[in-house]
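The block underneath contains the structure these notes are about, expressed in structure tokens.
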Number of protein chains: 2
Amino acid sequence: MTKAHPTIAEVARRAGVSPATVSRVLNGTARVSQEKVRAVLQAVEELGYAPSPLAQGLATGRSYAVGILLSDFASPFFGPILEALTLELEATPYRPIAVPGHWSLVRELEALEFLKAHRVEALVLLGTALDGEALGELGIPVLAFGQRVEGPKAWSLCLDNQKAAYEATRYLMDRGHTRIVHVSSHRGGMDVRERLLGYRKAMREAGLEARVVYGDLEEEGGYRAAAEAFRRYPDTTALFAANDQTAFGARLYLYEQGLRVPEDVSLVGFDDIALSAYQIPPLTTVRQPIQEIGIALGRALRAVLAGEVPTPPRLELTLVERASVREVGA
Amino acid sequence: MTKAHPTIAEVARRAGVSPATVSRVLNGTARVSQEKVRAVLQAVEELGYAPSPLAQGLATGRSYAVGILLSDFASPFFGPILEALTLELEATPYRPIAVPGHWSLVRELEALEFLKAHRVEALVLLGTALDGEALGELGIPVLAFGQRVEGPKAWSLCLDNQKAAYEATRYLMDRGHTRIVHVSSHRGGMDVRERLLGYRKAMREAGLEARVVYGDLEEEGGYRAAAEAFRRYPDTTALFAANDQTAFGARLYLYEQGLRVPEDVSLVGFDDIALSAYQIPPLTTVRQPIQEIGIALGRALRAVLAGEVPTPPRLELTLVERASVREVGA
DNA sequence: ACCCCTCTTGCAAGCGCTTTCAACGGATGC
DNA sequence: GCATCCGTTGAAAGCGCTTGCAAGAGGGGT
């Protein structure tokens, strides 16, 4: 029965050396004779010793922790990004500590305090509502996706949502659709607003009426928004949703109304979350390269922590054509 | 411009008291005169002081951290459980520190080491492959969902998967189905195996042939498993999937084969993840009360940490009837 | 035989906090 | 007026670790 948490002193005693030597062996911070190295390693092994990150952090002033603040663990979009990001961090000495803001600004601020207290060395923001205000005096690098952050140590991974939304709208128009509703949301960050802008631009250029309804970026809101869309614009032939979850909700509404997709109504989403390819019919949507985003964030994090300036990855939003859009009678 | 991280000593100096007094004020561990309290509070405010959890942890020997080991941040099943769990912990002094095992045993063991090193005061296992072996000497309470853990400080939240699977199978049989395939998986824990058992039992009792194929608990595997199912058993009229993601994958296969759900093939899932209600047709599935599970785990955690024995919550697996099953010709 | 270097090692301070213990001041009781 | 007691407070030790510094041990050169 080994003791729960042996200390460096016990290891030292057992190996017949000083704690300093143990530390040096474990961290490789100085030359130590062969025999002592062996003795220390053996003692470590026998005792099942693991240094306390708390004590190490205190002594070195470094935490090797990076904070990841995200909206919600349950999100099918941010969840996978987080997964890819943590995987990417695996091979580094840095450990992610992920905290959800639960879609609430005060919670996000609390979470921020928490991370600050834990002396994270960098911060990653995934779709939070935090802005420069709260982040100003942080003094650590801040990376963000899906929102813009500013400051000397800030770096945002921004894809061109407006362009992608513009193209998605054009895609529908090119297939003969003119009565296109966009399901946007007041929730969410800049990216959602940019999608709305892209949609508006495409409609304006084509001389078409912009028809916008609002959901909450989740299925339920998509359902309600679709209902509203058809109440206000009964002749609608296509729905362009600000994200896939919204599209799923809308899809259900259409199903319940006996409207077929794509025969009666075409549907385009945004994000291409894992399940979109498995919808019936498979959802045509703007693909955000989720895994690549996570990886890019991980790489950027490493670069930033190494004092470098991350090179912006070349990531594109691309429309993936599946089966939820049809050409309307010419 | 405030300093990044003022220490208790600076607060003390500014307030004209000793560090000990600051500590006492902040923790309420002893009586302190009104005026000093005020002075301390003001200094704290002005400096933006926040105690370092590292130092506190070192000094008190407590971390107030609980480890949550889960398979995957991207999981639409465990993600929401984690979300509910962290939300439930919000009001407590305890902070969750969630680490993914990425479906790999070695990673899970690494993650376990990490949590151990961080001196978590309790551990929650969400669908990991860890067993008593690795957990034996931990010395802290271990809670689990979806797997059984043993030991004096262990507590598992287990729902009766076998019974639920039995009933789901019966549900199909009651609607005239006799050629029912179960899509199980070698991946995953005890709960998946119990579902298989429940299915087998129902089939055996009815004198029907057990038809089992295997996926990976994700969509892709469900797709492939469905293909295999129809290759081996072309006359199948119903699919019972070990989880919803598997059902989604199978659903896509059916769609591509021109098999209608539920007209040609009935489909039943397991879990009732958020998106199941939004499938086309809405998926009939065995509901795991995801949110309640998260909450129950949170409560149990609090109980365990308070030295009590958690009362097992009354949680049931219930079949939710939606639209993916039909009655076959009598 | 002596001196100087280099390599290895231990000592001790210090990271930021808590907590025990003792001391202090004033109020009380005689 | 003196002993006593209580409530407040600060000094100091200690949590487990790292690291600058200096000492000791050899080894080689002269």
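Chain lettering (A, B, ...) mirrors the order of the structure tokens, residue numbering begins at 1 for each chain separately, and ligand numbering begins at 1 in order of display.
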Tell me as number ranges by chain which residues belonging to chain C come within 6 Å of chain B, counting only C-alpha atoms (C1' of nucleotides). C: 16-18
Export of prior selection with N, CA and C atoms (P, O5', C5', C4', C3', O3' and C1' of nucleotides) as a PDB file, in the first residue's frame:
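Produced file out-v3.pdb, reproduced below:
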ATOM      1  P    DG C  16       4.486  35.359  -5.278  1.00  0.00           P
ATOM      2  O5'  DG C  16       3.173  34.861  -4.528  1.00  0.00           O
ATOM      3  C5'  DG C  16       2.240  34.069  -5.229  1.00  0.00           C
ATOM      4  C4'  DG C  16       1.254  33.490  -4.236  1.00  0.00           C
ATOM      5  C3'  DG C  16       0.579  34.527  -3.330  1.00  0.00           C
ATOM      6  O3'  DG C  16      -0.805  34.253  -3.345  1.00  0.00           O
ATOM      7  C1'  DG C  16       1.536  32.805  -2.026  1.00  0.00           C
ATOM      8  P    DC C  17      -1.811  35.109  -2.494  1.00  0.00           P
ATOM      9  O5'  DC C  17      -2.095  34.131  -1.269  1.00  0.00           O
ATOM     10  C5'  DC C  17      -2.951  33.034  -1.475  1.00  0.00           C
ATOM     11  C4'  DC C  17      -2.729  31.975  -0.425  1.00  0.00           C
ATOM     12  C3'  DC C  17      -3.363  32.231   0.938  1.00  0.00           C
ATOM     13  O3'  DC C  17      -4.658  31.626   0.932  1.00  0.00           O
ATOM     14  C1'  DC C  17      -1.199  31.212   1.109  1.00  0.00           C
ATOM     15  P    DT C  18      -5.596  31.847   2.222  1.00  0.00           P
ATOM     16  O5'  DT C  18      -5.010  30.792   3.272  1.00  0.00           O
ATOM     17  C5'  DT C  18      -5.218  29.406   3.049  1.00  0.00           C
ATOM     18  C4'  DT C  18      -4.644  28.600   4.200  1.00  0.00           C
ATOM     19  C3'  DT C  18      -5.398  28.723   5.531  1.00  0.00           C
ATOM     20  O3'  DT C  18      -5.441  27.402   6.068  1.00  0.00           O
ATOM     21  C1'  DT C  18      -3.129  29.262   5.853  1.00  0.00           C
TER      22       DT C  18
END
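Near segment 187-197 of chain A, within 7 Å and counting only C-alpha atoms (C1' of nucleotides), sit Gly127, Ala129, Gly146, Gln147, Asn161, Gln162, Ala165, Asp216 and Ala242 of chain A; same-chain residues fewer than 5 positions away were not included.
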Closest atom pairs, residues of chain D within 8 Å of chain B, only C-alpha atoms (C1' of nucleotides), as a Markdown table:
| residue | atom | partner | partner_atom | distance |
| --- | --- | --- | --- | --- |
| D:DT8 | C1' | B:Val32 | CA | 6.6 |
| D:DT9 | C1' | B:Thr21 | CA | 7.4 |
| D:DG10 | C1' | B:Ser18 | CA | 6.2 |
| D:DG14 | C1' | B:Ala59 | CA | 7.9 |
| D:DC15 | C1' | B:Ala59 | CA | 4.5 |
| D:DG16 | C1' | B:Leu58 | CA | 7.4 |
Contacts of chain B with chain A up to 8 Å, shortest pair per row, only C-alpha atoms, as CSV:
residue,atom,partner,partner_atom,distance
B:Ala4,CA,A:Gly139,CA,7.1
B:Ala50,CA,A:Ala117,CA,6.4
B:Pro51,CA,A:Ala117,CA,7.0
B:Ser52,CA,A:Ala117,CA,5.7
B:Pro53,CA,A:His118,CA,6.3
B:Leu54,CA,A:Leu54,CA,5.1
B:Ala55,CA,A:Leu58,CA,6.4
B:Gly57,CA,A:Leu54,CA,7.1
B:Leu58,CA,A:Ala55,CA,6.4
B:Asp72,CA,A:Glu83,CA,6.7
B:Phe73,CA,A:Glu83,CA,5.2
B:Ala74,CA,A:Pro80,CA,4.3
B:Ser75,CA,A:Gly79,CA,7.6
B:Pro76,CA,A:Pro76,CA,6.6
B:Gly79,CA,A:Ala74,CA,4.6
B:Pro80,CA,A:Ala74,CA,4.3
B:Ile81,CA,A:Ala74,CA,7.8
B:Leu82,CA,A:Phe73,CA,6.7
B:Glu83,CA,A:Phe73,CA,5.2
B:Leu87,CA,A:His102,CA,7.9
B:Ile97,CA,A:Ile97,CA,6.6
B:Ala98,CA,A:Ala98,CA,6.9
B:Pro100,CA,A:Glu83,CA,7.7
B:His102,CA,A:Leu87,CA,7.9
B:Ala117,CA,A:Ser52,CA,5.7
B:His118,CA,A:Pro53,CA,6.2
B:Arg119,CA,A:Ser52,CA,7.9
B:Glu137,CA,A:Ala4,CA,7.9
B:Leu138,CA,A:Ala4,CA,7.4
B:Gly139,CA,A:Ala4,CA,6.9
B:Glu219,CA,A:Tyr278,CA,7.6
B:Phe248,CA,A:Tyr278,CA,6.2
B:Gly249,CA,A:Tyr278,CA,6.4
B:Arg251,CA,A:Tyr278,CA,7.6
B:Leu252,CA,A:Tyr278,CA,5.7
B:Tyr255,CA,A:Ile280,CA,7.4
B:Leu275,CA,A:Glu219,CA,7.9
B:Tyr278,CA,A:Leu252,CA,5.7
B:Gln279,CA,A:Gln279,CA,6.8
B:Ile280,CA,A:Ile280,CA,5.9
B:Pro281,CA,A:Tyr255,CA,7.9
After fit on chain A (all C-alpha, ordered pairs), chain B as a short mmCIF file (atom, residue, chain, number, x, y, z; two decimals) with C-alpha atoms, in the first residue's frame:
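Generated output (result_23.cif):
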data_model
loop_
_atom_site.label_atom_id
_atom_site.label_comp_id
_atom_site.auth_asym_id
_atom_site.auth_seq_id
_atom_site.Cartn_x
_atom_site.Cartn_y
_atom_site.Cartn_z
CA MET B 1 0.15 -0.07 0.00
CA THR B 2 1.81 3.09 -1.22
CA LYS B 3 1.06 6.42 0.32
CA ALA B 4 -1.46 8.51 -1.54
CA HIS B 5 0.85 11.33 -2.47
CA PRO B 6 4.50 10.95 -1.64
CA THR B 7 6.48 14.17 -1.65
CA ILE B 8 9.77 14.96 -3.19
CA ALA B 9 11.35 14.77 0.25
CA GLU B 10 10.34 11.17 0.68
CA VAL B 11 11.71 10.29 -2.69
CA ALA B 12 14.91 12.06 -1.78
CA ARG B 13 15.24 10.22 1.50
CA ARG B 14 14.62 6.88 -0.10
CA ALA B 15 17.11 7.56 -2.85
CA GLY B 16 19.64 8.90 -0.37
CA VAL B 17 19.91 12.28 -2.03
CA SER B 18 18.56 15.76 -1.47
CA PRO B 19 15.25 17.04 -2.78
CA ALA B 20 17.16 19.36 -5.02
CA THR B 21 18.76 16.45 -6.77
CA VAL B 22 15.46 14.72 -7.26
CA SER B 23 14.09 17.84 -8.82
CA ARG B 24 17.09 18.08 -11.10
CA VAL B 25 16.77 14.51 -12.21
CA LEU B 26 13.09 14.81 -12.92
CA ASN B 27 13.38 18.07 -14.78
CA GLY B 28 16.74 17.53 -16.37
CA THR B 29 17.83 20.95 -15.24
CA ALA B 30 21.36 19.97 -14.32
CA ARG B 31 23.87 17.20 -14.62
CA VAL B 32 23.50 14.44 -12.08
CA SER B 33 25.70 11.40 -11.76
CA GLN B 34 24.55 8.15 -13.25
CA GLU B 35 24.15 6.31 -9.99
CA LYS B 36 22.04 9.01 -8.35
CA VAL B 37 19.86 9.26 -11.39
CA ARG B 38 19.23 5.59 -11.15
CA ALA B 39 18.56 5.72 -7.44
CA VAL B 40 16.13 8.59 -7.86
CA LEU B 41 14.30 6.96 -10.72
CA GLN B 42 13.96 3.79 -8.75
CA ALA B 43 12.63 5.58 -5.70
CA VAL B 44 10.16 7.44 -7.86
CA GLU B 45 9.03 4.19 -9.34
CA GLU B 46 8.68 2.43 -6.04
CA LEU B 47 6.79 5.22 -4.39
CA GLY B 48 4.66 5.99 -7.39
CA TYR B 49 5.71 9.57 -7.07
CA ALA B 50 4.24 12.29 -9.22
CA PRO B 51 5.19 15.90 -8.62
CA SER B 52 2.38 18.17 -7.55
CA PRO B 53 1.56 20.65 -10.28
CA LEU B 54 0.31 22.96 -7.59
CA ALA B 55 3.64 23.14 -5.87
CA GLN B 56 5.48 23.26 -9.16
CA GLY B 57 3.29 26.06 -10.34
CA LEU B 58 3.83 27.98 -7.17
CA ALA B 59 7.55 27.56 -7.27
CA THR B 60 8.08 28.31 -10.92
CA GLY B 61 5.33 30.80 -11.45
CA ARG B 62 4.19 28.85 -14.45
CA SER B 63 1.00 26.87 -14.70
CA TYR B 64 1.19 25.27 -18.13
CA ALA B 65 -2.53 25.63 -18.18
CA VAL B 66 -4.47 27.20 -21.00
CA GLY B 67 -8.02 28.30 -20.50
CA ILE B 68 -10.70 27.45 -22.97
CA LEU B 69 -13.91 29.32 -22.57
CA LEU B 70 -16.75 28.00 -24.61
CA SER B 71 -20.45 28.54 -24.74
CA ASP B 72 -21.58 25.09 -23.95
CA PHE B 73 -20.28 21.55 -23.67
CA ALA B 74 -23.42 20.30 -25.34
CA SER B 75 -22.91 22.19 -28.56
CA PRO B 76 -22.46 19.91 -31.56
CA PHE B 77 -20.35 22.61 -33.11
CA PHE B 78 -18.06 23.76 -30.35
CA GLY B 79 -17.84 20.37 -28.74
CA PRO B 80 -15.97 18.84 -31.66
CA ILE B 81 -13.76 21.90 -31.96
CA LEU B 82 -12.86 21.52 -28.34
CA GLU B 83 -12.18 17.86 -28.92
CA ALA B 84 -9.80 18.56 -31.77
CA LEU B 85 -8.14 21.33 -29.84
CA THR B 86 -7.45 19.26 -26.78
CA LEU B 87 -6.17 16.47 -28.94
CA GLU B 88 -3.80 18.87 -30.61
CA LEU B 89 -2.54 20.03 -27.23
CA GLU B 90 -1.91 16.48 -26.12
CA ALA B 91 1.68 16.42 -27.26
CA THR B 92 2.56 19.70 -25.62
CA PRO B 93 3.28 20.39 -21.99
CA TYR B 94 0.20 22.55 -21.88
CA ARG B 95 -3.05 21.34 -20.40
CA PRO B 96 -6.40 22.71 -21.45
CA ILE B 97 -8.85 23.63 -18.80
CA ALA B 98 -12.23 24.04 -20.39
CA VAL B 99 -15.06 25.92 -18.77
CA PRO B 100 -18.48 26.59 -20.19
CA GLY B 101 -20.17 29.97 -20.07
CA HIS B 102 -23.59 28.42 -20.44
CA TRP B 103 -24.59 31.16 -22.84
CA SER B 104 -24.70 33.72 -20.10
CA LEU B 105 -22.50 36.75 -19.89
CA VAL B 106 -22.23 36.73 -16.13
CA ARG B 107 -21.28 33.09 -16.16
CA GLU B 108 -18.69 33.82 -18.77
CA LEU B 109 -17.25 36.52 -16.61
CA GLU B 110 -17.18 34.19 -13.64
CA ALA B 111 -15.51 31.57 -15.74
CA LEU B 112 -12.99 34.17 -16.82
CA GLU B 113 -12.23 35.02 -13.20
CA PHE B 114 -11.79 31.38 -12.50
CA LEU B 115 -9.33 30.92 -15.31
CA LYS B 116 -7.49 34.04 -14.34
CA ALA B 117 -7.20 32.84 -10.79
CA HIS B 118 -5.79 29.60 -12.07
CA ARG B 119 -3.10 31.53 -13.84
CA VAL B 120 -3.76 30.20 -17.28
CA GLU B 121 -1.03 31.24 -19.64
CA ALA B 122 -3.34 31.80 -22.55
CA LEU B 123 -7.01 31.91 -23.28
CA VAL B 124 -9.09 30.54 -26.10
CA LEU B 125 -12.55 31.91 -26.67
CA LEU B 126 -15.00 29.75 -28.54
CA GLY B 127 -18.13 31.61 -29.42
CA THR B 128 -18.48 33.65 -26.28
CA ALA B 129 -19.98 37.08 -25.87
CA LEU B 130 -16.90 38.48 -24.18
CA ASP B 131 -15.39 41.57 -25.65
CA GLY B 132 -12.38 43.77 -25.23
CA GLU B 133 -13.83 45.33 -22.13
CA ALA B 134 -13.44 42.27 -19.98
CA LEU B 135 -10.31 41.08 -21.68
CA GLY B 136 -8.36 44.27 -21.71
CA GLU B 137 -6.21 43.94 -18.67
CA LEU B 138 -5.67 40.25 -18.91
CA GLY B 139 -2.06 40.39 -19.91
CA ILE B 140 -2.08 36.97 -21.50
CA PRO B 141 -2.52 35.94 -25.11
CA VAL B 142 -6.11 35.55 -26.16
CA LEU B 143 -7.16 33.51 -29.15
CA ALA B 144 -10.64 33.41 -30.47
CA PHE B 145 -12.77 31.69 -32.97
CA GLY B 146 -16.06 33.01 -34.18
CA GLN B 147 -15.47 36.39 -32.66
CA ARG B 148 -12.92 39.08 -33.03
CA VAL B 149 -10.65 40.04 -30.20
CA GLU B 150 -8.30 42.94 -30.19
CA GLY B 151 -5.13 43.84 -28.46
CA PRO B 152 -1.43 43.24 -28.71
CA LYS B 153 -1.63 39.62 -27.68
CA ALA B 154 -4.86 38.82 -29.42
CA TRP B 155 -5.36 36.57 -32.37
CA SER B 156 -8.62 35.65 -33.99
CA LEU B 157 -9.35 32.89 -36.38
CA CYS B 158 -11.97 34.36 -38.62
CA LEU B 159 -13.41 32.77 -41.67
CA ASP B 160 -15.26 34.80 -44.21
CA ASN B 161 -18.79 34.15 -43.08
CA GLN B 162 -20.21 36.97 -45.09
CA LYS B 163 -18.79 35.70 -48.32
CA ALA B 164 -19.89 32.16 -47.61
CA ALA B 165 -23.41 33.28 -46.78
CA TYR B 166 -23.44 35.37 -49.91
CA GLU B 167 -22.44 32.38 -51.96
CA ALA B 168 -24.92 30.10 -50.30
CA THR B 169 -27.66 32.56 -51.11
CA ARG B 170 -26.42 32.85 -54.67
CA TYR B 171 -26.41 29.08 -54.85
CA LEU B 172 -30.12 29.08 -54.12
CA MET B 173 -30.80 31.88 -56.57
CA ASP B 174 -28.82 30.11 -59.26
CA ARG B 175 -31.23 27.24 -58.87
CA GLY B 176 -34.19 29.45 -59.51
CA HIS B 177 -35.14 30.43 -55.98
CA THR B 178 -36.23 33.99 -55.42
CA ARG B 179 -38.32 33.79 -52.27
CA ILE B 180 -35.61 32.88 -49.82
CA VAL B 181 -35.91 33.30 -46.08
CA HIS B 182 -32.85 33.58 -43.88
CA VAL B 183 -33.17 32.28 -40.35
CA SER B 184 -30.74 34.32 -38.31
CA SER B 185 -30.39 34.85 -34.59
CA HIS B 186 -29.80 37.58 -32.08
CA ARG B 187 -27.89 35.15 -30.03
CA GLY B 188 -24.41 34.30 -31.12
CA GLY B 189 -21.59 36.50 -32.18
CA MET B 190 -20.27 38.40 -35.08
CA ASP B 191 -20.19 35.43 -37.38
CA VAL B 192 -23.95 35.07 -37.27
CA ARG B 193 -24.36 38.72 -38.10
CA GLU B 194 -21.98 38.42 -40.97
CA ARG B 195 -23.98 35.60 -42.41
CA LEU B 196 -27.00 37.83 -42.29
CA LEU B 197 -25.03 40.52 -44.06
CA GLY B 198 -23.94 38.14 -46.77
CA TYR B 199 -27.49 37.03 -47.31
CA ARG B 200 -28.74 40.60 -47.47
CA LYS B 201 -26.08 41.57 -49.93
CA ALA B 202 -26.92 38.74 -52.27
CA MET B 203 -30.62 39.50 -52.10
CA ARG B 204 -30.10 43.19 -52.61
CA GLU B 205 -27.87 42.69 -55.60
CA ALA B 206 -30.47 40.44 -57.15
CA GLY B 207 -33.20 42.91 -56.43
CA LEU B 208 -35.00 40.49 -54.18
CA GLU B 209 -36.79 41.11 -50.96
CA ALA B 210 -34.81 40.18 -47.85
CA ARG B 211 -36.88 37.95 -45.62
CA VAL B 212 -35.38 37.41 -42.23
CA VAL B 213 -36.67 35.61 -39.18
CA TYR B 214 -34.86 34.85 -35.96
CA GLY B 215 -34.19 31.71 -33.99
CA ASP B 216 -31.83 30.88 -31.17
CA LEU B 217 -29.28 28.81 -33.06
CA GLU B 218 -30.78 25.65 -31.64
CA GLU B 219 -33.36 23.26 -33.05
CA GLU B 220 -36.29 24.57 -31.10
CA GLY B 221 -35.72 28.11 -32.31
CA GLY B 222 -35.32 26.89 -35.86
CA TYR B 223 -38.66 25.18 -35.64
CA ARG B 224 -40.40 28.28 -34.40
CA ALA B 225 -38.62 30.52 -36.83
CA ALA B 226 -39.69 28.32 -39.72
CA ALA B 227 -43.26 28.56 -38.54
CA GLU B 228 -42.98 32.30 -38.46
CA ALA B 229 -41.36 32.34 -41.85
CA PHE B 230 -44.24 30.54 -43.48
CA ARG B 231 -46.80 32.59 -41.66
CA ARG B 232 -45.25 35.78 -42.89
CA TYR B 233 -44.11 34.57 -46.28
CA PRO B 234 -46.31 31.63 -47.35
CA ASP B 235 -44.81 31.49 -50.81
CA THR B 236 -41.28 30.83 -49.61
CA THR B 237 -39.39 28.19 -51.59
CA ALA B 238 -36.09 28.12 -49.76
CA LEU B 239 -34.76 28.48 -46.25
CA PHE B 240 -31.19 29.43 -45.48
CA ALA B 241 -30.46 28.82 -41.82
CA ALA B 242 -27.70 30.53 -39.87
CA ASN B 243 -26.61 27.17 -38.54
CA ASP B 244 -27.38 23.52 -38.96
CA GLN B 245 -29.24 23.09 -35.73
CA THR B 246 -31.58 25.81 -36.84
CA ALA B 247 -31.97 23.98 -40.14
CA PHE B 248 -32.86 20.78 -38.32
CA GLY B 249 -35.57 22.55 -36.40
CA ALA B 250 -36.93 24.09 -39.57
CA ARG B 251 -36.79 20.71 -41.22
CA LEU B 252 -39.05 19.25 -38.59
CA TYR B 253 -41.54 22.03 -39.04
CA LEU B 254 -41.66 21.42 -42.76
CA TYR B 255 -42.11 17.72 -42.17
CA GLU B 256 -45.01 18.30 -39.86
CA GLN B 257 -46.59 20.65 -42.37
CA GLY B 258 -46.31 18.03 -45.05
CA LEU B 259 -43.85 20.16 -47.00
CA ARG B 260 -41.27 17.99 -48.65
CA VAL B 261 -37.57 18.79 -48.74
CA PRO B 262 -36.36 19.52 -51.30
CA GLU B 263 -39.40 19.08 -53.55
CA ASP B 264 -41.47 21.80 -51.93
CA VAL B 265 -38.92 23.73 -49.97
CA SER B 266 -35.15 23.81 -50.29
CA LEU B 267 -33.00 24.02 -47.19
CA VAL B 268 -29.44 25.18 -46.66
CA GLY B 269 -27.63 25.15 -43.36
CA PHE B 270 -24.36 26.43 -42.00
CA ASP B 271 -21.56 24.66 -40.10
CA ASP B 272 -21.79 21.12 -41.40
CA ILE B 273 -21.84 19.51 -38.00
CA ALA B 274 -21.39 15.78 -37.88
CA LEU B 275 -25.05 14.95 -38.11
CA SER B 276 -25.81 17.08 -41.13
CA ALA B 277 -24.60 14.44 -43.50
CA TYR B 278 -27.02 12.05 -41.87
CA GLN B 279 -30.13 14.15 -42.10
CA ILE B 280 -32.93 13.07 -44.37
CA PRO B 281 -32.37 14.28 -46.95
CA PRO B 282 -28.69 14.94 -46.30
CA LEU B 283 -28.34 18.62 -45.66
CA THR B 284 -26.74 20.96 -48.12
CA THR B 285 -24.77 23.32 -45.95
CA VAL B 286 -21.80 25.61 -45.67
CA ARG B 287 -19.00 23.59 -44.26
CA GLN B 288 -16.89 24.94 -41.47
CA PRO B 289 -13.82 22.74 -41.27
CA ILE B 290 -14.41 21.87 -37.65
CA GLN B 291 -11.47 19.61 -37.10
CA GLU B 292 -9.09 21.89 -38.95
CA ILE B 293 -10.32 24.77 -36.86
CA GLY B 294 -9.53 22.92 -33.67
CA ILE B 295 -6.13 21.99 -34.97
CA ALA B 296 -5.43 25.50 -36.17
CA LEU B 297 -6.34 26.87 -32.77
CA GLY B 298 -4.07 24.36 -31.13
CA ARG B 299 -1.18 25.28 -33.37
CA ALA B 300 -1.78 28.96 -32.90
CA LEU B 301 -1.82 28.42 -29.19
CA ARG B 302 1.52 26.72 -29.30
CA ALA B 303 2.96 29.44 -31.44
CA VAL B 304 1.67 32.17 -29.19
CA LEU B 305 2.97 30.45 -26.11
CA ALA B 306 6.34 30.13 -27.74
CA GLY B 307 6.31 33.86 -28.28
CA GLU B 308 5.78 33.63 -31.99
CA VAL B 309 3.08 35.11 -34.12
CA PRO B 310 0.84 32.37 -35.48
CA THR B 311 0.55 32.11 -39.21
CA PRO B 312 -3.08 32.35 -40.17
CA PRO B 313 -4.13 29.02 -41.62
CA ARG B 314 -5.79 28.89 -44.97
CA LEU B 315 -9.21 27.73 -44.04
CA GLU B 316 -12.16 28.14 -46.32
CA LEU B 317 -15.87 27.93 -45.91
CA THR B 318 -17.20 25.81 -48.70
CA LEU B 319 -20.66 24.86 -49.67
CA VAL B 320 -21.18 21.14 -49.58
CA GLU B 321 -23.92 20.07 -51.90
CA ARG B 322 -26.05 17.30 -50.63
CA ALA B 323 -29.71 16.67 -51.22
CA SER B 324 -31.76 19.35 -49.57
CA VAL B 325 -31.88 21.82 -52.45
CA ARG B 326 -33.62 21.41 -55.73
CA GLU B 327 -33.81 23.42 -58.89
CA VAL B 328 -37.18 25.14 -59.18
CA GLY B 329 -39.05 25.19 -62.46
CA ALA B 330 -37.27 27.55 -64.80
#
Tell me which protein, DNA and RNA residues are within 12 Å of DG26 of chain C, counting only C-alpha atoms (C1' of nucleotides), leaving out same-chain ones fewer than 3 positions away, and put them as a compact mmCIF listing (two decimals) with N, CA and C atoms (P, O5', C5', C4', C3', O3' and C1' of nucleotides), in the first residue's frame.
# COMPACT_ATOMS: atom_id res chain seq x y z
P DT D 4 -3.86 36.04 38.32
O5' DT D 4 -5.11 36.35 37.40
C5' DT D 4 -6.39 36.59 38.01
C4' DT D 4 -7.43 36.69 36.92
C3' DT D 4 -7.23 35.74 35.75
O3' DT D 4 -8.44 35.06 35.50
C1' DT D 4 -7.50 37.96 34.97
P DC D 5 -8.49 33.77 34.53
O5' DC D 5 -9.38 34.31 33.33
C5' DC D 5 -10.52 35.13 33.62
C4' DC D 5 -10.95 35.86 32.35
C3' DC D 5 -10.78 35.01 31.08
O3' DC D 5 -11.99 35.08 30.33
C1' DC D 5 -9.76 37.13 30.80
P DC D 6 -12.30 33.89 29.27
O5' DC D 6 -12.89 34.75 28.08
C5' DC D 6 -13.60 35.95 28.35
C4' DC D 6 -13.29 36.96 27.28
C3' DC D 6 -13.18 36.33 25.88
O3' DC D 6 -14.17 36.90 25.03
C1' DC D 6 -11.37 37.83 26.30
P DG D 7 -14.46 36.23 23.58
O5' DG D 7 -14.11 37.45 22.63
C5' DG D 7 -14.29 38.79 23.12
C4' DG D 7 -13.38 39.72 22.35
C3' DG D 7 -13.30 39.40 20.86
O3' DG D 7 -13.21 40.63 20.15
C1' DG D 7 -11.14 39.30 21.78
P DT D 8 -13.45 40.65 18.54
O5' DT D 8 -12.12 41.29 17.97
C5' DT D 8 -10.91 40.88 18.51
C4' DT D 8 -9.83 41.87 18.12
C3' DT D 8 -9.42 41.81 16.67
O3' DT D 8 -8.81 43.03 16.31
C1' DT D 8 -7.76 40.80 18.02
What does the distance between atom C1' of DG10 of chain C and atom C1' of DA23 of chain D come to in Å, to one decimal place?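 Answer for the atom C1' of DG10 of chain C to atom C1' of DA23 of chain D separation: 8.6 Å.
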Between D:DA3, D:DA25, D:DA11, D:DC17, which is the closest to DC15 of chain C once you count only C-alpha atoms (C1' of nucleotides)?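 Of the candidates, the smallest distance to DC15 of chain C is held by D:DC17.
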For the helix (DSSP H, G or I) assignment from backbone DSSP, which residues of segment 104-161 of chain A qualify? Please present them as an MDAnalysis selection string. chainID A and resid 105:117 132:138 161
